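Next comes target_3.tsv, with TSV, C-alpha atoms.
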```tsv
chain	number	residue	atom	x	y	z
A	86	MET	CA	-124.83	-2.92	-31.60
A	87	SER	CA	-126.31	-4.51	-28.46
A	88	VAL	CA	-126.22	-1.12	-26.70
A	89	PHE	CA	-128.16	0.57	-29.48
A	90	SER	CA	-130.63	-2.32	-29.74
A	91	TYR	CA	-131.38	-1.96	-26.05
A	92	LEU	CA	-131.82	1.77	-26.38
A	93	SER	CA	-134.28	1.41	-29.24
A	94	ILE	CA	-136.45	-0.77	-27.01
A	95	ALA	CA	-136.07	1.16	-23.75
A	96	ASP	CA	-136.54	4.70	-25.04
A	97	LYS	CA	-140.19	4.85	-26.04
A	98	LYS	CA	-141.17	8.42	-25.16
A	99	PRO	CA	-140.66	10.64	-28.22
A	100	TYR	CA	-139.22	14.14	-28.06
A	101	PHE	CA	-139.76	15.39	-31.59
A	102	GLY	CA	-137.00	17.81	-32.54
A	103	LEU	CA	-134.40	16.32	-30.18
A	104	ILE	CA	-130.94	16.65	-31.75
A	105	THR	CA	-128.06	14.57	-30.42
A	106	ASP	CA	-124.32	15.00	-30.81
A	107	ASN	CA	-123.29	11.60	-29.50
A	108	LYS	CA	-119.51	11.45	-29.20
A	109	ILE	CA	-117.16	8.47	-29.40
A	110	SER	CA	-113.56	8.89	-28.22
A	111	ASN	CA	-110.95	6.35	-29.38
A	112	GLU	CA	-107.93	6.21	-27.08
A	113	THR	CA	-104.79	4.07	-26.68
A	114	ILE	CA	-102.67	3.08	-23.70
A	115	SER	CA	-99.35	1.96	-25.15
A	116	ALA	CA	-96.42	1.02	-22.88
A	117	ASN	CA	-94.23	-1.83	-21.79
A	118	PHE	CA	-96.61	-3.20	-19.17
A	119	ALA	CA	-93.84	-5.34	-17.66
A	120	ASN	CA	-92.38	-2.09	-16.27
A	121	TYR	CA	-95.47	-1.61	-14.07
A	122	THR	CA	-95.71	-4.49	-11.62
A	123	SER	CA	-97.00	-2.78	-8.49
A	124	THR	CA	-100.49	-1.71	-7.50
A	125	TYR	CA	-98.84	1.27	-5.78
A	126	SER	CA	-97.22	2.65	-8.94
A	127	PRO	CA	-99.37	1.67	-11.93
A	128	LEU	CA	-99.53	3.25	-15.38
A	129	LYS	CA	-102.14	6.00	-15.03
A	130	SER	CA	-104.35	7.35	-17.83
A	131	THR	CA	-107.38	9.66	-17.95
A	132	PHE	CA	-109.85	10.11	-20.82
A	133	ASP	CA	-112.92	12.31	-21.20
A	134	VAL	CA	-115.83	12.57	-23.62
A	135	VAL	CA	-118.73	15.05	-23.70
A	136	SER	CA	-121.88	14.62	-25.78
A	137	GLY	CA	-124.34	17.44	-26.35
A	138	PHE	CA	-128.04	17.17	-27.06
A	139	TYR	CA	-130.52	19.90	-27.87
A	140	TYR	CA	-134.28	20.26	-27.64
A	141	HIS	CA	-135.93	23.36	-29.05
A	142	ASN	CA	-134.08	26.27	-27.37
A	143	SER	CA	-132.47	24.24	-24.59
A	144	SER	CA	-129.09	22.48	-24.49
A	145	SER	CA	-127.94	19.58	-22.30
A	146	ASN	CA	-124.83	17.45	-21.97
A	147	LEU	CA	-123.64	14.01	-20.96
A	148	THR	CA	-120.04	13.58	-19.75
A	149	MET	CA	-117.97	10.51	-18.98
A	150	ASN	CA	-114.53	10.60	-17.33
A	151	ALA	CA	-112.54	7.35	-17.40
A	152	PHE	CA	-109.59	6.76	-15.07
A	153	LEU	CA	-107.49	3.66	-15.75
A	154	TYR	CA	-104.61	2.26	-13.68
A	155	VAL	CA	-102.72	-0.57	-15.42
A	156	TYR	CA	-100.17	-2.94	-13.87
A	157	PHE	CA	-98.80	-6.40	-14.71
A	158	ASP	CA	-98.62	-9.60	-12.68
A	159	PRO	CA	-95.60	-11.51	-14.12
A	160	VAL	CA	-96.23	-14.59	-11.96
A	161	GLN	CA	-99.71	-15.28	-13.33
A	162	SER	CA	-99.12	-13.49	-16.68
A	163	ILE	CA	-102.11	-11.23	-16.08
A	164	VAL	CA	-102.72	-7.59	-16.93
A	165	ASP	CA	-104.66	-5.86	-14.12
A	166	VAL	CA	-106.71	-2.72	-14.79
A	167	ASP	CA	-108.40	-0.67	-12.07
A	168	ILE	CA	-111.11	1.49	-13.63
A	169	ALA	CA	-113.19	4.40	-12.34
A	170	LEU	CA	-115.96	5.85	-14.50
A	171	ASN	CA	-117.60	9.14	-13.49
A	172	VAL	CA	-120.75	9.89	-15.46
A	173	THR	CA	-122.46	13.27	-15.10
A	174	SER	CA	-125.22	14.99	-17.01
A	175	ASN	CA	-126.90	18.39	-16.97
A	176	VAL	CA	-130.34	17.98	-18.54
A	177	SER	CA	-132.73	20.79	-19.38
A	178	LEU	CA	-136.08	20.63	-17.59
A	179	SER	CA	-137.76	20.40	-21.00
A	180	LEU	CA	-136.45	16.83	-21.12
A	181	ARG	CA	-137.29	14.15	-18.56
A	182	PRO	CA	-134.97	11.14	-18.82
A	183	THR	CA	-135.98	8.12	-16.79
A	184	GLY	CA	-132.58	6.61	-16.03
A	185	ILE	CA	-128.94	6.15	-16.91
A	186	GLN	CA	-127.12	3.05	-18.09
A	187	VAL	CA	-123.41	2.20	-18.16
A	188	THR	CA	-122.06	-0.77	-20.11
A	189	VAL	CA	-118.57	-2.22	-20.50
A	190	THR	CA	-117.56	-4.64	-23.23
A	191	ASN	CA	-114.22	-5.77	-24.59
A	192	THR	CA	-112.62	-6.83	-27.87
A	193	TRP	CA	-109.60	-9.12	-27.74
A	194	SER	CA	-106.98	-9.54	-30.47
A	195	ASN	CA	-104.11	-12.03	-30.44
A	196	SER	CA	-102.62	-14.86	-32.48
A	197	LEU	CA	-104.52	-17.48	-30.46
A	198	ASN	CA	-107.88	-15.83	-31.24
A	199	ILE	CA	-108.97	-16.23	-27.60
A	200	ASP	CA	-111.21	-13.86	-25.66
A	201	ASN	CA	-109.32	-14.32	-22.43
A	202	VAL	CA	-110.94	-12.24	-19.69
A	203	ALA	CA	-109.58	-13.68	-16.46
A	204	SER	CA	-112.05	-11.99	-14.09
A	205	TRP	CA	-113.79	-8.74	-13.24
A	206	ILE	CA	-115.62	-7.22	-10.31
A	207	ALA	CA	-117.58	-3.98	-10.29
A	208	SER	CA	-119.70	-1.72	-8.14
A	209	ALA	CA	-121.86	1.30	-8.95
A	210	PHE	CA	-123.32	4.06	-6.81
A	211	PRO	CA	-124.51	7.69	-7.00
A	212	LEU	CA	-121.70	10.18	-7.55
A	213	LYS	CA	-121.65	12.76	-4.75
A	214	PRO	CA	-122.96	15.41	-4.31
A	215	TYR	CA	-125.78	14.17	-6.55
A	216	SER	CA	-128.55	12.24	-4.82
A	217	ASN	CA	-131.16	11.73	-7.52
A	218	VAL	CA	-129.79	8.47	-8.95
A	219	SER	CA	-130.78	5.10	-7.50
A	220	THR	CA	-128.04	2.68	-6.47
A	221	PRO	CA	-127.95	0.17	-9.32
A	222	GLN	CA	-127.32	-3.53	-9.46
A	223	VAL	CA	-124.34	-4.67	-11.55
A	224	ASN	CA	-125.26	-7.57	-13.79
A	225	SER	CA	-123.15	-9.89	-15.95
A	226	GLU	CA	-124.87	-10.84	-19.20
A	227	THR	CA	-122.60	-13.81	-19.79
A	228	GLY	CA	-121.78	-15.05	-16.28
A	229	GLY	CA	-118.45	-16.16	-14.92
A	230	ALA	CA	-115.45	-14.14	-15.95
A	231	GLY	CA	-116.73	-12.90	-19.29
A	232	LEU	CA	-117.79	-9.43	-20.29
A	233	PRO	CA	-120.03	-7.55	-21.02
A	234	PHE	CA	-121.69	-6.07	-17.97
A	235	LYS	CA	-124.22	-3.30	-17.62
A	236	THR	CA	-125.73	-1.32	-14.80
A	237	ASP	CA	-129.04	0.56	-14.84
A	238	SER	CA	-130.04	3.40	-12.50
A	239	LYS	CA	-133.36	5.16	-12.22
A	240	LEU	CA	-133.68	8.91	-11.74
A	241	ILE	CA	-135.36	9.72	-8.43
A	242	ASN	CA	-136.17	12.83	-6.38
A	243	GLN	CA	-136.47	15.05	-9.44
A	244	THR	CA	-137.87	18.50	-8.73
A	245	ILE	CA	-139.24	21.11	-11.10
A	246	SER	CA	-137.74	23.99	-9.13
A	247	ALA	CA	-134.20	23.44	-10.40
A	248	HIS	CA	-133.02	24.98	-13.66
A	249	VAL	CA	-131.58	21.66	-14.84
A	250	THR	CA	-131.64	18.03	-13.80
A	251	GLN	CA	-128.14	17.13	-12.60
A	252	ILE	CA	-127.17	13.47	-12.69
A	253	GLY	CA	-124.09	11.74	-11.29
A	254	LEU	CA	-123.15	8.04	-11.33
A	255	ARG	CA	-119.90	6.27	-10.43
A	256	VAL	CA	-118.76	2.83	-11.60
A	257	ASP	CA	-115.63	1.20	-10.14
A	258	MET	CA	-114.20	-1.90	-11.74
A	259	HIS	CA	-111.23	-4.25	-11.44
A	260	TYR	CA	-110.57	-6.05	-14.72
A	261	GLU	CA	-108.01	-8.75	-15.53
A	262	TYR	CA	-107.00	-10.47	-18.73
A	263	PHE	CA	-104.52	-13.27	-19.42
A	264	THR	CA	-101.46	-12.69	-21.59
A	265	LEU	CA	-100.29	-15.12	-24.24
A	266	SER	CA	-97.61	-16.47	-21.91
A	267	HIS	CA	-100.37	-17.78	-19.65
A	268	TYR	CA	-101.29	-20.33	-22.33
A	269	ALA	CA	-97.87	-21.44	-23.60
A	270	TYR	CA	-94.44	-21.32	-21.99
A	271	ASN	CA	-92.71	-20.51	-25.27
A	272	PHE	CA	-94.35	-17.08	-25.32
A	273	SER	CA	-92.37	-14.35	-23.61
A	274	GLY	CA	-93.99	-12.44	-20.77
A	275	ALA	CA	-93.94	-9.27	-22.86
A	276	ASN	CA	-96.03	-10.85	-25.62
A	277	ILE	CA	-99.22	-9.64	-24.02
A	278	GLY	CA	-101.50	-9.08	-26.99
A	279	GLU	CA	-104.05	-6.31	-27.38
A	280	ASP	CA	-107.35	-5.75	-25.64
A	281	THR	CA	-109.88	-2.96	-26.19
A	282	LEU	CA	-112.32	-1.84	-23.50
A	283	HIS	CA	-115.54	-0.12	-24.58
A	284	PHE	CA	-117.25	2.15	-22.04
A	285	THR	CA	-120.72	3.53	-22.87
A	286	ALA	CA	-122.92	5.82	-20.78
A	287	SER	CA	-126.44	6.45	-22.04
A	288	LEU	CA	-129.55	8.28	-20.88
A	289	GLN	CA	-132.84	6.39	-20.97
A	290	GLY	CA	-136.36	7.52	-21.76
A	291	LEU	CA	-135.69	10.24	-24.33
A	292	GLY	CA	-137.06	8.43	-27.38
A	293	LYS	CA	-133.72	8.16	-29.17
A	294	PRO	CA	-130.14	7.16	-28.24
A	295	VAL	CA	-128.26	9.73	-26.15
A	296	TYR	CA	-124.83	8.39	-25.25
A	297	ALA	CA	-121.14	9.07	-24.72
A	298	LYS	CA	-118.58	6.34	-25.44
A	299	ILE	CA	-114.86	5.79	-24.83
A	300	ASN	CA	-112.90	2.97	-26.50
A	301	VAL	CA	-109.51	2.29	-24.90
A	302	LEU	CA	-106.98	0.06	-26.65
A	303	LEU	CA	-104.56	-1.60	-24.21
A	304	MET	CA	-101.44	-2.23	-26.29
A	305	ASN	CA	-98.21	-3.60	-24.87
A	306	SER	CA	-95.13	-2.08	-26.53
A	307	GLY	CA	-92.51	-4.24	-24.78
```
Have the structure of the file written as structure tokens, please.
Amino acid sequence: MSVFSYLSIADKKPYFGLITDNKISNETISANFANYTSTYSPLKSTFDVVSGFYYHNSSSNLTMNAFLYVYFDPVQSIVDVDIALNVTSNVSLSLRPTGIQVTVTNTWSNSLNIDNVASWIASAFPLKPYSNVSTPQVNSETGGAGLPFKTDSKLINQTISAHVTQIGLRVDMHYEYFTLSHYAYNFSGANIGEDTLHFTASLQGLGKPVYAKINVLLMNSG
């Protein structure tokens, strides 16, 4: 809800007749994470989502590709996830978005009822060969180790000579969360619990929410 609340405030310019086909993709990574204990041979997964939006006789799209590499640290009882998000958009010249935002949040589920994000680091930058997105700052809304985080980029160097506005943004992230065995020795290392990551990419300045979202459930099956 926080994403949509922000959009309702940020997107003030109306485009009457804009139709959106905002897509949400729900995915699951299910495996015995204890079998993947090396950064050199992690569990690899790729997910994609494409949202379309239409204005009068023109069509546009917003795409997010999520690459996740999961491995387990049995010494510290931590699940490590390396994440790469590629966000691209082809926008008709009849629409003039002002920026692009990427947010990441998480939902934790276990018998201890603890939201146990150990740490995260992230960086964001224009996705080559695109050069019309400003390099954003990555901000934590909660501070410390907790999620969520969001990054905002402005659209720059837009020209009217192109047929479409092409946008590209990359977010890299390393995310860690504690397993149940971190809190009590009587838990086995395989009793990891479940964590869901929520990735949302949204265009700003179009008067209504235009977004693509991927939810990934990390579920240990060991």
Using all atoms listed in the file, which of A:Tyr139, A:Val295, A:Thr105, A:Val155 sits nearest Asn117 of chain A? A:Val155
Hey, which of A:Asn111, A:Ser208, A:Asn201, A:Ser238 ends up closest to Ser162 of chain A? Count all atoms listed in the file.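 Smallest separation from Ser162 of chain A among the options: A:Asn201.
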Can you tell me, as number ranges by chain, what residues are no more than 6 Å from Met149 of chain A when counting all atoms listed in the file, ignoring any on the same chain fewer than 3 positions away? A: 133-134, 171-172
Among listed residues A:Ser144, A:Ile299, A:Lys293, A:Val223, nearest Phe132 of chain A (using all atoms listed in the file):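 With all atoms listed in the file as the atom set, the closest residue is A:Ile299.
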Skip Pro182 of chain A itself and residues of its chain fewer than 5 positions away, then list as a compact mmCIF listing (two decimals) with C-alpha atoms, keeping the file's coordinate frame all residues within 6 Å of it, counting all atoms listed in the file.
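Contents of result.txt, freshly written:
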```txt
# COMPACT_ATOMS: atom_id res chain seq x y z
CA GLN A 289 -132.84 6.39 -20.97
CA GLY A 290 -136.36 7.52 -21.76
CA LEU A 291 -135.69 10.24 -24.33
```
With a distance cut-off of 9 Å and all atoms listed in the file, select the neighbouring residues of Leu288 of chain A, excluding the residue or stretch itself and same-chain residues fewer than 3 positions from it, and output the selection as a ChimeraX atom specification. /A:92,96,147,174,182-186,291,294-296
Could those selected residues go to a file with C-alpha atoms, as a CSV table (one decimal), keeping the file's coordinate frame?
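Saved to selection.csv:
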```
chain,number,residue,atom,x,y,z
A,92,LEU,CA,-131.8,1.8,-26.4
A,96,ASP,CA,-136.5,4.7,-25.0
A,147,LEU,CA,-123.6,14.0,-21.0
A,174,SER,CA,-125.2,15.0,-17.0
A,182,PRO,CA,-135.0,11.1,-18.8
A,183,THR,CA,-136.0,8.1,-16.8
A,184,GLY,CA,-132.6,6.6,-16.0
A,185,ILE,CA,-128.9,6.2,-16.9
A,186,GLN,CA,-127.1,3.0,-18.1
A,291,LEU,CA,-135.7,10.2,-24.3
A,294,PRO,CA,-130.1,7.2,-28.2
A,295,VAL,CA,-128.3,9.7,-26.2
A,296,TYR,CA,-124.8,8.4,-25.2
```
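With all atoms listed in the file as the atoms that count, the residue of A:Phe234, A:Phe118, A:Tyr262, A:Tyr125 with the shortest distance to Ala207 of chain A is A:Phe234.
Taking all atoms listed in the file into account, Asn120 of chain A lies nearest to A:Val164 out of the set A:Val256, A:Val164, A:Leu170, A:Val176.
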Just the residues within 9 Å of Phe284 of chain A, please, counting all atoms listed in the file, with nothing from its chain fewer than 5 positions along; format it as a PyMOL selection string. chain A and resi 149+151+170+187-191+297-301
Quick check, in Å to one decimal: how far apart do atom CA of Ser143 of chain A and atom CA of Phe210 of chain A lie?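 It comes out at 28.4 Å.
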Can you measure atom CA of Leu282 of chain A to atom CA of Leu103 of chain A for me? One decimal in Å is fine.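 Atom CA of Leu103 of chain A lies at a distance of 29.4 Å from atom CA of Leu282 of chain A.
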What is the atom CA of Gly137 of chain A to atom CA of Asn107 of chain A distance in Å?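 Separation of atom CA of Gly137 of chain A and atom CA of Asn107 of chain A: 6.7 Å.
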Let me make sure I understand: among A:Gln161, A:Leu240, A:Thr173, A:Tyr260, which one has the smallest atom-to-atom distance to Ile206 of chain A if we use only C-alpha atoms? A:Tyr260
Report as an MDAnalysis selection string all protein, DNA and RNA residues lying within 9 Å of Val249 of chain A, evaluated on all atoms listed in the file, omitting residues in the same chain fewer than 6 positions from it. chainID A and resid 145 175:179
